[in-house]
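Structure first, then comments.
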Amino acid sequence: MAEVVGALVVVAAMAAVAGLGFLRVFEPRALAPVAGVAAVVPVLLAALCRRGPLWRSLAAHLVVWLLTVSATLFHATAVAGFLPSPATASAVAEALLNSWRTLLTTILPAPAEPALLVVVHLLVWLAGAAGAELALRSRSRVLPALPAVVVFAVAVAVGVNGPGSVMSVAGVLLGLVAALAVVRGDRSLPRSLAAVPVAAALGLAGVLVAPSLPVAREPYDPRTLVDEPPVTRFDGVSPLDRVSAWLQVPTTPMFTVRASHPANWRLAVLDRYDGVRWTSSSRYRMTGGPVPPGPYRGEYVTVEQTVTLDGLPGGWLPAADRPVSVSGIGVAVDESGTLLSAPGGSPGRTYRVTSHVPVPSAERRRDATPVGAPPALPPKVGVFRSLAERVTRNARSPYEQASLLEHYLRTRHKYDVTSPPGHSLAVLEYFLRTTHRGTSEQFAASFALLARTLGLPSRVVVGFRPGTPGADGAYHVASGDVLAWPEIEFRGLGWTAFDPTPERSGARAGQDVVSTQVKERERLAERIQAAPTSRPTPPPKPRAREDGARPSWASGLVVGAGVVAAAVLVYGLAVVTVPLLRRRRRRRGDPAERVRGAWRQVREDLGLAGEPALTASEVAARALDRVGPEISPHIGALAELVNHAEFAGRDVGPGTPETAWRHADAVSALVRRGTPPLRRLGRRLHPRVLGACRAR
């Protein structure tokens, strides 16, 4: 009875630990109670139904699971105190059908919604129920652990792109599998405990080696098999096309922001230009709140925002760059960090955003180099290329080129809300060569196009200025606060914003955010223009190692540790599997060979495999001295059988090998019983265990 109870406890623990394999998919505080309930209840239910037929137990599992998941996740009551209502059952079925696709198309960690957690509840329940039934209805040692291992493998595959690691969970699960083998084994307790250090060593070696394996560096991602569902915008009008219209009616309320710091609120990113319009090529993915990090790695300022939407059209959600988490609203996000709300919303929605606004040092900005090549340019851009080359002829670096372009537009052109809208090639050429007046639409689009003609990867961003501070402490953003600005991608800095639009005049001028970076670039451009025109171009500097790159000595240390861990793992597997394979090989062959194999096994168990000159009677005498008189009947009978096999050859009877191996098993058991556990473990790990494989 104690063995059954111990096995059921271990099975419940394995099911719960397998559920914790979803730690990269859900937050721990949401996952732990679901996995705990779903692991314990089916094991208790299997114990109560153990004396009945299996079909009755399975039916009980189905009904109790529906009741449990309805009460714990969907908070529904039962009909007549027993069965869940049809509406609840339908909601559970719909959640099971749709949750898989949602989990595989959502940025992890996923939201702790009942419709998604029901998957974990079901899998953990199946692991607990199947493991308990196998433990109660079979004699296999480790087969009851198979359901939990399968569930853990599914959890690892689903959470392959999630944050954190489940290596420690894998180690605990491996230890529980070893514990199950010990509890269900037919050996005595000291003999069973002697195997625990070996299992622990193998588990530790597996945990150390697993991250270095190729499958760990490039794991299989089931998301490649699922098409991401399309995210529908409220309308198809680009925010850049709305800039001029919004400026004509500047007092329309858009949204309010309560923020720890004022900032420009980014709305949409446009990275594709065909000569007529700037559009977005982004692919959006649903998220439970986290936003994938951008390429920037450095110092930043955390800005907490609470945004309430008012008259802002479209599905874009304003936030300071770069958002790292969103809550309070269903949201999709692309790789640029642009936020897009789910369709069907209404004004008055409030959501919270946490953003990390980059603040790179001046040295990093001055030494920055662009990332890759810009996208293909539309035809007939020679006029823009000539202008860009003339403006930046004295620049010695890509950052200086961008600074000169920004300075040129800010000082040679005027901000005018009455300018005609548009950002086609014809409109931009008219703006740059004739009127020199425009809104931020023309300033941002012109800068991005001129930068691309110089080989700088650029894009256009549409957003809003901070807005008007109110008596309630919030920033009230109106349509007249709309702003477009360009960005250039630099290695190590990510997408860096530039501000080629001059400051506004009038009442709203005080709401402009002129950063220290803009002032620094203005001074840099003025120094470049004041310098002689023939500035020598210095030789290119070798690119320094990128931030976060691992030094060579650290890589060598990691590789060395991986090699050592792999050697330990291989050796551990060898000392466990080689004796088992050798014993199985010795039990095969003709009857005489099987009798000789039993004798070789006894000599190995006695530690006499390295003394082939000993006769059978001498081996029996040494066994008697080492173990005691209780071994005499078995070793003596086996010695007579092997002598008969050596001299009689193939005349050995068909029942003789079974008798010989029965005596050999008895001798092995007596030897193990008379050897202390630590000494037995040392013999098991000694290299001669492997060397003995050369002798059959």
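We name chains A, B, ... following the order of the structure tokens; residues begin at 1 in each chain, and ligands are numbered from 1 as shown.
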
Contact residues around Arg266 of chain A with only C-alpha atoms at 8 Å, ignoring same-chain residues under 6 positions, as a ChimeraX atom specification: /A:318-321,338,461-464

Could the residues in this selection be saved with N, CA and C atoms as a compact mmCIF listing (two decimals), in the first residue's frame?
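And here's part-v4.txt as it stands now:
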# COMPACT_ATOMS: atom_id res chain seq x y z
N PRO A 318 -1.50 55.42 -29.71
CA PRO A 318 -0.31 56.24 -29.44
C PRO A 318 0.43 55.78 -28.19
N ALA A 319 1.75 55.90 -28.23
CA ALA A 319 2.60 55.56 -27.09
C ALA A 319 3.98 56.13 -27.34
N ALA A 320 4.71 56.37 -26.25
CA ALA A 320 6.10 56.81 -26.39
C ALA A 320 6.95 55.65 -26.88
N ASP A 321 7.97 55.97 -27.65
CA ASP A 321 8.88 54.95 -28.18
C ASP A 321 10.01 54.69 -27.17
N THR A 338 4.99 49.35 -33.14
CA THR A 338 3.73 50.05 -33.38
C THR A 338 2.58 49.24 -32.81
N VAL A 461 7.79 58.29 -39.47
CA VAL A 461 6.94 57.99 -38.32
C VAL A 461 5.93 59.12 -38.18
N VAL A 462 4.70 58.75 -37.88
CA VAL A 462 3.63 59.72 -37.65
C VAL A 462 3.18 59.59 -36.20
N GLY A 463 3.06 60.72 -35.54
CA GLY A 463 2.63 60.72 -34.15
C GLY A 463 2.11 62.08 -33.75
N PHE A 464 2.26 62.38 -32.47
CA PHE A 464 1.77 63.65 -31.94
C PHE A 464 2.78 64.22 -30.95

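Compared by their closest atoms to Val460 of chain A, and using only C-alpha atoms, the residues A:Pro292, A:Pro239, A:Pro144, A:Pro657 rank with A:Pro239 nearest.
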
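Comparing A:Val371, A:Ala135, A:Trp65, A:Arg322 by their smallest distance to Gly6 of chain A, the closest is A:Ala135 (using only C-alpha atoms).
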
So that I can check the surroundings of Phe447 of chain A, please list as a short mmCIF file (atom, residue, chain, number, x, y, z; two decimals) with all heavy atoms, in the first residue's frame every protein, DNA and RNA residue that reaches within 12 Å of it, counting only C-alpha atoms and ignoring chain neighbours fewer than 3 positions away.
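Okay, out-v3.cif is ready:
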data_model
loop_
_atom_site.label_atom_id
_atom_site.label_comp_id
_atom_site.auth_asym_id
_atom_site.auth_seq_id
_atom_site.Cartn_x
_atom_site.Cartn_y
_atom_site.Cartn_z
N PHE A 384 16.89 64.65 -56.24
CA PHE A 384 17.01 64.52 -54.78
C PHE A 384 18.42 64.03 -54.40
O PHE A 384 18.98 64.49 -53.40
CB PHE A 384 15.95 63.54 -54.27
CG PHE A 384 14.55 63.97 -54.56
CD1 PHE A 384 13.89 63.52 -55.70
CD2 PHE A 384 13.89 64.84 -53.72
CE1 PHE A 384 12.59 63.92 -55.98
CE2 PHE A 384 12.59 65.25 -53.99
CZ PHE A 384 11.94 64.78 -55.13
N ARG A 385 18.99 63.14 -55.21
CA ARG A 385 20.34 62.66 -54.90
C ARG A 385 21.36 63.79 -55.04
O ARG A 385 22.27 63.92 -54.20
CB ARG A 385 20.71 61.50 -55.82
CG ARG A 385 22.12 60.95 -55.56
CD ARG A 385 22.47 59.78 -56.44
NE ARG A 385 21.75 58.58 -56.04
CZ ARG A 385 20.74 58.03 -56.75
NH1 ARG A 385 20.35 58.60 -57.88
NH2 ARG A 385 20.13 56.96 -56.32
N LEU A 387 20.84 66.99 -54.65
CA LEU A 387 20.67 67.90 -53.52
C LEU A 387 21.26 67.31 -52.25
O LEU A 387 21.97 68.03 -51.50
CB LEU A 387 19.18 68.20 -53.33
CG LEU A 387 18.83 69.05 -52.11
CD1 LEU A 387 19.48 70.43 -52.20
CD2 LEU A 387 17.31 69.20 -51.98
N ALA A 388 21.03 66.04 -51.99
CA ALA A 388 21.55 65.42 -50.78
C ALA A 388 23.08 65.40 -50.78
O ALA A 388 23.72 65.68 -49.75
CB ALA A 388 21.01 63.99 -50.66
N VAL A 391 24.35 68.98 -50.07
CA VAL A 391 24.17 69.40 -48.68
C VAL A 391 25.16 68.72 -47.75
O VAL A 391 25.65 69.32 -46.78
CB VAL A 391 22.71 69.13 -48.23
CG1 VAL A 391 22.54 69.37 -46.74
CG2 VAL A 391 21.75 70.02 -49.03
N GLN A 401 26.17 63.10 -42.06
CA GLN A 401 25.30 63.29 -43.21
C GLN A 401 23.86 63.56 -42.77
O GLN A 401 23.21 64.50 -43.23
CB GLN A 401 25.34 62.06 -44.12
CG GLN A 401 26.64 61.89 -44.89
CD GLN A 401 26.61 60.64 -45.75
OE1 GLN A 401 26.16 59.59 -45.31
NE2 GLN A 401 27.09 60.76 -46.98
N ALA A 402 23.37 62.71 -41.85
CA ALA A 402 22.00 62.89 -41.38
C ALA A 402 21.84 64.21 -40.64
O ALA A 402 20.82 64.90 -40.77
CB ALA A 402 21.61 61.71 -40.48
N SER A 403 22.85 64.60 -39.86
CA SER A 403 22.77 65.87 -39.12
C SER A 403 22.72 67.05 -40.07
O SER A 403 21.99 68.04 -39.84
CB SER A 403 23.97 65.99 -38.18
OG SER A 403 23.99 64.93 -37.24
N LEU A 404 23.49 67.01 -41.16
CA LEU A 404 23.48 68.11 -42.13
C LEU A 404 22.15 68.18 -42.87
O LEU A 404 21.65 69.28 -43.15
CB LEU A 404 24.63 67.94 -43.11
CG LEU A 404 26.03 68.23 -42.56
CD1 LEU A 404 27.10 67.84 -43.56
CD2 LEU A 404 26.16 69.72 -42.20
N LEU A 405 21.56 67.02 -43.20
CA LEU A 405 20.24 67.04 -43.83
C LEU A 405 19.21 67.66 -42.90
O LEU A 405 18.37 68.48 -43.33
CB LEU A 405 19.82 65.62 -44.21
CG LEU A 405 20.52 64.96 -45.40
CD1 LEU A 405 19.99 63.54 -45.60
CD2 LEU A 405 20.32 65.78 -46.67
N GLU A 406 19.24 67.29 -41.64
CA GLU A 406 18.31 67.84 -40.67
C GLU A 406 18.48 69.36 -40.55
O GLU A 406 17.50 70.12 -40.55
CB GLU A 406 18.51 67.16 -39.32
CG GLU A 406 17.59 67.65 -38.21
CD GLU A 406 17.95 67.01 -36.88
OE1 GLU A 406 19.15 67.07 -36.50
OE2 GLU A 406 17.05 66.46 -36.22
N HIS A 407 19.73 69.79 -40.44
CA HIS A 407 20.01 71.22 -40.29
C HIS A 407 19.57 71.99 -41.54
O HIS A 407 19.02 73.11 -41.43
CB HIS A 407 21.50 71.42 -40.04
CG HIS A 407 21.89 72.86 -39.86
ND1 HIS A 407 21.59 73.58 -38.73
CD2 HIS A 407 22.54 73.74 -40.69
CE1 HIS A 407 22.05 74.81 -38.84
NE2 HIS A 407 22.64 74.93 -40.03
N TYR A 408 19.79 71.43 -42.71
CA TYR A 408 19.40 72.10 -43.95
C TYR A 408 17.89 72.34 -44.01
O TYR A 408 17.43 73.44 -44.33
CB TYR A 408 19.86 71.25 -45.15
CG TYR A 408 19.30 71.71 -46.47
CD1 TYR A 408 19.83 72.82 -47.12
CD2 TYR A 408 18.25 71.02 -47.07
CE1 TYR A 408 19.30 73.25 -48.33
CE2 TYR A 408 17.73 71.43 -48.27
CZ TYR A 408 18.25 72.55 -48.91
OH TYR A 408 17.73 72.97 -50.11
N LEU A 409 17.11 71.33 -43.67
CA LEU A 409 15.66 71.48 -43.74
C LEU A 409 15.14 72.41 -42.65
O LEU A 409 14.20 73.18 -42.87
CB LEU A 409 14.99 70.11 -43.62
CG LEU A 409 15.19 69.17 -44.82
CD1 LEU A 409 14.66 67.77 -44.53
CD2 LEU A 409 14.50 69.74 -46.06
N ARG A 410 15.74 72.36 -41.46
CA ARG A 410 15.27 73.21 -40.36
C ARG A 410 15.58 74.69 -40.60
O ARG A 410 14.84 75.56 -40.12
CB ARG A 410 15.92 72.76 -39.04
CG ARG A 410 15.37 71.46 -38.49
CD ARG A 410 16.09 71.09 -37.19
NE ARG A 410 15.79 72.04 -36.13
CZ ARG A 410 14.77 71.92 -35.29
NH1 ARG A 410 13.94 70.90 -35.39
NH2 ARG A 410 14.57 72.82 -34.35
N HIS A 423 2.92 63.88 -50.48
CA HIS A 423 4.35 63.57 -50.35
C HIS A 423 4.83 62.73 -51.52
O HIS A 423 5.73 61.89 -51.38
CB HIS A 423 4.63 62.85 -49.02
CG HIS A 423 3.68 61.70 -48.74
ND1 HIS A 423 2.50 61.87 -48.09
CD2 HIS A 423 3.77 60.38 -49.02
CE1 HIS A 423 1.88 60.71 -47.95
NE2 HIS A 423 2.64 59.78 -48.52
N LEU A 428 7.23 66.74 -53.33
CA LEU A 428 8.46 66.96 -52.57
C LEU A 428 9.45 67.81 -53.36
O LEU A 428 10.16 68.66 -52.78
CB LEU A 428 9.09 65.61 -52.18
CG LEU A 428 8.26 64.72 -51.25
CD1 LEU A 428 9.02 63.47 -50.89
CD2 LEU A 428 7.87 65.48 -49.98
N GLU A 429 9.53 67.61 -54.68
CA GLU A 429 10.43 68.44 -55.49
C GLU A 429 9.96 69.89 -55.48
O GLU A 429 10.78 70.82 -55.40
CB GLU A 429 10.48 67.90 -56.91
CG GLU A 429 11.46 68.67 -57.80
CD GLU A 429 11.57 68.09 -59.19
OE1 GLU A 429 10.93 67.03 -59.45
OE2 GLU A 429 12.28 68.69 -60.03
N PHE A 431 8.32 71.32 -53.10
CA PHE A 431 8.61 71.82 -51.75
C PHE A 431 10.09 72.19 -51.60
O PHE A 431 10.42 73.25 -51.05
CB PHE A 431 8.20 70.75 -50.73
CG PHE A 431 8.82 70.91 -49.38
CD1 PHE A 431 8.45 71.94 -48.52
CD2 PHE A 431 9.79 70.02 -48.93
CE1 PHE A 431 9.02 72.08 -47.27
CE2 PHE A 431 10.37 70.14 -47.67
CZ PHE A 431 9.98 71.19 -46.84
N LEU A 432 11.00 71.35 -52.10
CA LEU A 432 12.43 71.57 -51.89
C LEU A 432 13.01 72.65 -52.83
O LEU A 432 13.94 73.37 -52.44
CB LEU A 432 13.20 70.26 -52.09
CG LEU A 432 12.94 69.16 -51.04
CD1 LEU A 432 13.58 67.84 -51.47
CD2 LEU A 432 13.50 69.59 -49.69
N SER A 440 4.94 69.09 -41.39
CA SER A 440 5.86 68.00 -41.03
C SER A 440 5.73 66.82 -41.99
O SER A 440 6.66 66.01 -42.11
CB SER A 440 5.57 67.52 -39.60
OG SER A 440 4.25 67.03 -39.47
N GLU A 441 4.62 66.73 -42.72
CA GLU A 441 4.48 65.68 -43.74
C GLU A 441 5.57 65.81 -44.79
O GLU A 441 6.25 64.83 -45.14
CB GLU A 441 3.10 65.76 -44.38
CG GLU A 441 2.90 64.78 -45.53
CD GLU A 441 1.58 64.99 -46.26
OE1 GLU A 441 0.85 65.95 -45.91
OE2 GLU A 441 1.30 64.22 -47.19
N GLN A 442 5.76 67.02 -45.33
CA GLN A 442 6.78 67.22 -46.36
C GLN A 442 8.20 67.18 -45.78
O GLN A 442 9.12 66.66 -46.41
CB GLN A 442 6.56 68.55 -47.09
CG GLN A 442 5.36 68.58 -48.02
CD GLN A 442 4.05 68.76 -47.28
OE1 GLN A 442 3.98 69.56 -46.34
NE2 GLN A 442 3.02 68.02 -47.68
N PHE A 443 8.37 67.74 -44.58
CA PHE A 443 9.71 67.74 -43.98
C PHE A 443 10.19 66.30 -43.72
O PHE A 443 11.32 65.93 -44.06
CB PHE A 443 9.71 68.54 -42.68
CG PHE A 443 9.76 70.02 -42.88
CD1 PHE A 443 8.60 70.78 -42.93
CD2 PHE A 443 10.98 70.67 -43.04
CE1 PHE A 443 8.65 72.16 -43.11
CE2 PHE A 443 11.04 72.05 -43.24
CZ PHE A 443 9.87 72.80 -43.27
N ALA A 444 9.35 65.48 -43.11
CA ALA A 444 9.74 64.10 -42.78
C ALA A 444 9.93 63.27 -44.04
O ALA A 444 10.90 62.51 -44.17
CB ALA A 444 8.69 63.47 -41.87
N LEU A 450 15.77 61.88 -49.10
CA LEU A 450 17.15 62.34 -49.29
C LEU A 450 18.14 61.40 -48.61
O LEU A 450 19.22 61.11 -49.15
CB LEU A 450 17.30 63.76 -48.73
CG LEU A 450 16.53 64.86 -49.46
CD1 LEU A 450 16.62 66.17 -48.67
CD2 LEU A 450 17.06 65.06 -50.87
N ALA A 451 17.79 60.89 -47.41
CA ALA A 451 18.68 59.96 -46.71
C ALA A 451 18.85 58.67 -47.50
O ALA A 451 19.95 58.11 -47.58
CB ALA A 451 18.14 59.68 -45.31
N ARG A 452 17.78 58.19 -48.09
CA ARG A 452 17.89 56.95 -48.86
C ARG A 452 18.77 57.12 -50.09
O ARG A 452 19.45 56.18 -50.50
CB ARG A 452 16.50 56.47 -49.27
CG ARG A 452 15.69 55.89 -48.12
CD ARG A 452 14.43 55.18 -48.58
NE ARG A 452 13.74 54.55 -47.47
CZ ARG A 452 12.68 53.74 -47.58
NH1 ARG A 452 12.21 53.47 -48.79
NH2 ARG A 452 12.11 53.21 -46.52
N THR A 453 18.76 58.30 -50.71
CA THR A 453 19.64 58.51 -51.86
C THR A 453 21.11 58.48 -51.45
O THR A 453 21.98 58.24 -52.29
CB THR A 453 19.33 59.85 -52.54
OG1 THR A 453 19.59 60.92 -51.61
CG2 THR A 453 17.88 59.90 -53.00
N LEU A 454 21.40 58.71 -50.17
CA LEU A 454 22.78 58.63 -49.67
C LEU A 454 23.13 57.24 -49.14
O LEU A 454 24.23 57.03 -48.62
CB LEU A 454 22.98 59.66 -48.55
CG LEU A 454 22.83 61.13 -48.96
CD1 LEU A 454 22.94 62.02 -47.73
CD2 LEU A 454 23.88 61.52 -50.00
N LEU A 456 21.36 55.67 -46.67
CA LEU A 456 20.99 55.54 -45.26
C LEU A 456 19.60 54.91 -45.15
O LEU A 456 18.64 55.42 -45.76
CB LEU A 456 20.99 56.91 -44.57
CG LEU A 456 22.30 57.69 -44.63
CD1 LEU A 456 22.12 59.06 -43.96
CD2 LEU A 456 23.42 56.91 -43.97
N PRO A 457 19.44 53.82 -44.40
CA PRO A 457 18.11 53.21 -44.23
C PRO A 457 17.21 54.12 -43.40
O PRO A 457 17.52 54.45 -42.26
CB PRO A 457 18.42 51.90 -43.49
CG PRO A 457 19.72 52.14 -42.80
CD PRO A 457 20.49 53.10 -43.66
N SER A 458 16.11 54.56 -43.98
CA SER A 458 15.25 55.55 -43.32
C SER A 458 13.80 55.11 -43.41
O SER A 458 13.42 54.25 -44.22
CB SER A 458 15.44 56.93 -43.95
OG SER A 458 15.08 56.88 -45.33
N ARG A 459 12.98 55.75 -42.60
CA ARG A 459 11.54 55.53 -42.62
C ARG A 459 10.86 56.78 -42.04
O ARG A 459 11.53 57.66 -41.49
CB ARG A 459 11.14 54.30 -41.81
CG ARG A 459 11.44 54.42 -40.33
CD ARG A 459 11.18 53.10 -39.62
NE ARG A 459 11.33 53.23 -38.17
CZ ARG A 459 11.24 52.19 -37.32
NH1 ARG A 459 11.04 50.98 -37.78
NH2 ARG A 459 11.37 52.40 -36.02
N VAL A 460 9.53 56.84 -42.16
CA VAL A 460 8.75 57.98 -41.67
C VAL A 460 7.85 57.50 -40.54
O VAL A 460 7.24 56.42 -40.63
CB VAL A 460 7.91 58.60 -42.80
CG1 VAL A 460 6.99 59.69 -42.25
CG2 VAL A 460 8.82 59.18 -43.87
N VAL A 461 7.79 58.29 -39.47
CA VAL A 461 6.94 57.99 -38.32
C VAL A 461 5.93 59.12 -38.18
O VAL A 461 6.26 60.30 -38.32
CB VAL A 461 7.77 57.85 -37.04
CG1 VAL A 461 6.87 57.53 -35.84
CG2 VAL A 461 8.83 56.77 -37.21
N ALA A 484 4.99 64.50 -37.94
CA ALA A 484 5.69 63.41 -38.63
C ALA A 484 7.19 63.67 -38.52
O ALA A 484 7.63 64.82 -38.58
CB ALA A 484 5.27 63.33 -40.09
N TRP A 485 7.94 62.60 -38.32
CA TRP A 485 9.40 62.75 -38.25
C TRP A 485 10.06 61.51 -38.87
O TRP A 485 9.47 60.43 -38.93
CB TRP A 485 9.86 62.94 -36.81
CG TRP A 485 9.61 61.78 -35.89
CD1 TRP A 485 10.42 60.71 -35.66
CD2 TRP A 485 8.46 61.59 -35.05
NE1 TRP A 485 9.87 59.87 -34.75
CE2 TRP A 485 8.67 60.38 -34.35
CE3 TRP A 485 7.28 62.30 -34.82
CZ2 TRP A 485 7.74 59.88 -33.44
CZ3 TRP A 485 6.36 61.81 -33.92
CH2 TRP A 485 6.59 60.61 -33.25
N PRO A 486 11.29 61.68 -39.36
CA PRO A 486 12.01 60.54 -39.96
C PRO A 486 12.89 59.84 -38.93
O PRO A 486 13.24 60.41 -37.88
CB PRO A 486 12.86 61.20 -41.04
CG PRO A 486 13.18 62.55 -40.45
CD PRO A 486 12.00 62.95 -39.60
N GLU A 487 13.27 58.62 -39.24
CA GLU A 487 14.20 57.84 -38.42
C GLU A 487 15.19 57.13 -39.32
O GLU A 487 14.85 56.72 -40.44
CB GLU A 487 13.44 56.81 -37.57
CG GLU A 487 12.57 57.43 -36.49
CD GLU A 487 11.86 56.38 -35.65
OE1 GLU A 487 11.82 55.20 -36.07
OE2 GLU A 487 11.33 56.74 -34.58
N ILE A 488 16.41 56.98 -38.82
CA ILE A 488 17.47 56.25 -39.53
C ILE A 488 17.98 55.17 -38.60
O ILE A 488 18.17 55.40 -37.40
CB ILE A 488 18.61 57.19 -39.95
CG1 ILE A 488 18.11 58.20 -40.98
CG2 ILE A 488 19.79 56.40 -40.52
CD1 ILE A 488 19.17 59.20 -41.43
N ALA A 497 15.58 58.86 -34.11
CA ALA A 497 14.67 59.89 -34.63
C ALA A 497 15.43 61.18 -34.94
O ALA A 497 16.35 61.58 -34.22
CB ALA A 497 13.57 60.17 -33.61
N PHE A 498 15.04 61.82 -36.03
CA PHE A 498 15.53 63.15 -36.40
C PHE A 498 14.33 64.09 -36.50
O PHE A 498 13.19 63.64 -36.70
CB PHE A 498 16.31 63.10 -37.72
CG PHE A 498 17.65 62.43 -37.60
CD1 PHE A 498 17.74 61.04 -37.60
CD2 PHE A 498 18.81 63.17 -37.48
CE1 PHE A 498 18.97 60.41 -37.48
CE2 PHE A 498 20.04 62.55 -37.36
CZ PHE A 498 20.12 61.17 -37.35
N ASP A 499 14.60 65.38 -36.37
CA ASP A 499 13.52 66.38 -36.34
C ASP A 499 13.83 67.49 -37.33
O ASP A 499 14.31 68.56 -36.96
CB ASP A 499 13.36 66.93 -34.93
CG ASP A 499 12.11 67.78 -34.79
OD1 ASP A 499 11.32 67.82 -35.76
OD2 ASP A 499 11.92 68.41 -33.73
N PRO A 500 13.55 67.27 -38.62
CA PRO A 500 13.84 68.31 -39.62
C PRO A 500 12.79 69.41 -39.67
O PRO A 500 12.99 70.40 -40.38
CB PRO A 500 13.87 67.52 -40.93
CG PRO A 500 12.91 66.40 -40.70
CD PRO A 500 13.04 66.03 -39.25
N THR A 501 11.67 69.27 -38.96
CA THR A 501 10.60 70.27 -38.99
C THR A 501 10.94 71.43 -38.06
O THR A 501 11.20 71.22 -36.87
CB THR A 501 9.27 69.65 -38.57
OG1 THR A 501 8.99 68.52 -39.41
CG2 THR A 501 8.14 70.65 -38.69
#

Name the residues in contact with segment 597-601 of chain A at a cut-off of 9 Å, using only C-alpha atoms, excluding same-chain residues fewer than 5 positions from it; report them as a short mmCIF file (atom, residue, chain, number, x, y, z; two decimals) with N, CA, C and O atoms, in the first residue's frame.
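Listing of selection_13.cif after writing:
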data_model
loop_
_atom_site.label_atom_id
_atom_site.label_comp_id
_atom_site.auth_asym_id
_atom_site.auth_seq_id
_atom_site.Cartn_x
_atom_site.Cartn_y
_atom_site.Cartn_z
N ARG A 582 25.63 -5.78 -22.21
CA ARG A 582 26.52 -6.93 -22.10
C ARG A 582 25.79 -8.13 -21.46
O ARG A 582 25.94 -9.26 -21.90
N ARG A 583 24.98 -7.84 -20.44
CA ARG A 583 24.24 -8.92 -19.79
C ARG A 583 23.23 -9.53 -20.76
O ARG A 583 23.06 -10.76 -20.80
N ARG A 585 23.50 -9.64 -24.02
CA ARG A 585 24.23 -10.41 -25.02
C ARG A 585 24.65 -11.77 -24.48
O ARG A 585 24.66 -12.77 -25.20
N ARG A 586 25.02 -11.82 -23.21
CA ARG A 586 25.45 -13.08 -22.61
C ARG A 586 24.32 -14.09 -22.46
O ARG A 586 24.58 -15.29 -22.32
N ARG A 587 23.10 -13.64 -22.49
CA ARG A 587 21.97 -14.55 -22.35
C ARG A 587 21.53 -15.12 -23.69
O ARG A 587 20.54 -15.86 -23.75
N ARG A 588 22.24 -14.77 -24.75
CA ARG A 588 21.90 -15.26 -26.08
C ARG A 588 22.89 -16.33 -26.53
O ARG A 588 23.94 -16.50 -25.95
N ALA A 592 25.19 -23.92 -24.39
CA ALA A 592 26.50 -23.90 -23.74
C ALA A 592 27.03 -22.48 -23.61
O ALA A 592 27.58 -22.09 -22.56
N LEU A 606 31.61 -10.43 -9.05
CA LEU A 606 32.54 -10.67 -7.94
C LEU A 606 33.82 -9.84 -8.07
O LEU A 606 34.67 -9.87 -7.17
N ALA A 609 36.71 -10.43 -13.08
CA ALA A 609 36.77 -10.51 -14.54
C ALA A 609 38.18 -10.32 -15.06
O ALA A 609 38.53 -10.79 -16.14
N ALA A 616 37.11 -22.67 -11.91
CA ALA A 616 35.76 -22.52 -11.35
C ALA A 616 35.76 -22.75 -9.85
O ALA A 616 35.09 -22.04 -9.10
N LEU A 638 26.52 -23.47 -9.97
CA LEU A 638 26.88 -22.81 -11.22
C LEU A 638 28.26 -23.25 -11.70
O LEU A 638 28.49 -23.39 -12.90
N ALA A 639 29.20 -23.50 -10.74
CA ALA A 639 30.53 -23.98 -11.13
C ALA A 639 30.44 -25.35 -11.80
O ALA A 639 31.12 -25.62 -12.80
N VAL A 642 29.04 -24.83 -15.39
CA VAL A 642 29.97 -24.27 -16.37
C VAL A 642 31.05 -25.28 -16.71
O VAL A 642 31.53 -25.34 -17.86
N PRO A 657 20.60 -23.61 -19.31
CA PRO A 657 20.89 -22.16 -19.27
C PRO A 657 19.99 -21.40 -18.30
O PRO A 657 20.45 -20.50 -17.59
N ALA A 660 21.28 -22.03 -14.90
CA ALA A 660 22.54 -21.32 -14.67
C ALA A 660 22.28 -19.84 -14.40
O ALA A 660 22.87 -19.24 -13.48
N TRP A 661 21.41 -19.23 -15.17
CA TRP A 661 21.15 -17.80 -14.98
C TRP A 661 20.35 -17.54 -13.70
O TRP A 661 20.47 -16.48 -13.10
N ARG A 662 19.55 -18.52 -13.28
CA ARG A 662 18.87 -18.35 -12.00
C ARG A 662 19.87 -18.32 -10.86
O ARG A 662 19.78 -17.50 -9.94
N HIS A 663 20.87 -19.20 -10.92
CA HIS A 663 21.94 -19.18 -9.90
C HIS A 663 22.77 -17.89 -10.01
O HIS A 663 23.17 -17.31 -8.99
N ALA A 664 23.02 -17.44 -11.27
CA ALA A 664 23.82 -16.21 -11.46
C ALA A 664 23.09 -15.00 -10.87
O ALA A 664 23.70 -14.14 -10.22
N ASP A 665 21.77 -14.92 -11.08
CA ASP A 665 21.01 -13.81 -10.51
C ASP A 665 21.04 -13.86 -8.99
O ASP A 665 21.12 -12.81 -8.32
N SER A 668 24.45 -12.59 -7.89
CA SER A 668 24.53 -11.13 -8.04
C SER A 668 23.77 -10.42 -6.93
O SER A 668 24.24 -9.41 -6.38
N ALA A 695 35.58 -8.44 -23.05
CA ALA A 695 35.40 -9.87 -22.85
C ALA A 695 33.92 -10.17 -22.83
O ALA A 695 33.17 -9.57 -22.08
N ARG A 696 33.49 -11.11 -23.66
CA ARG A 696 32.07 -11.42 -23.69
C ARG A 696 31.63 -12.00 -22.37
O ARG A 696 30.50 -11.87 -21.96
#

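Our summary of the geometry notes that atom CA of Leu23 of chain A is positioned 19.5 Å from atom CA of Pro293 of chain A.
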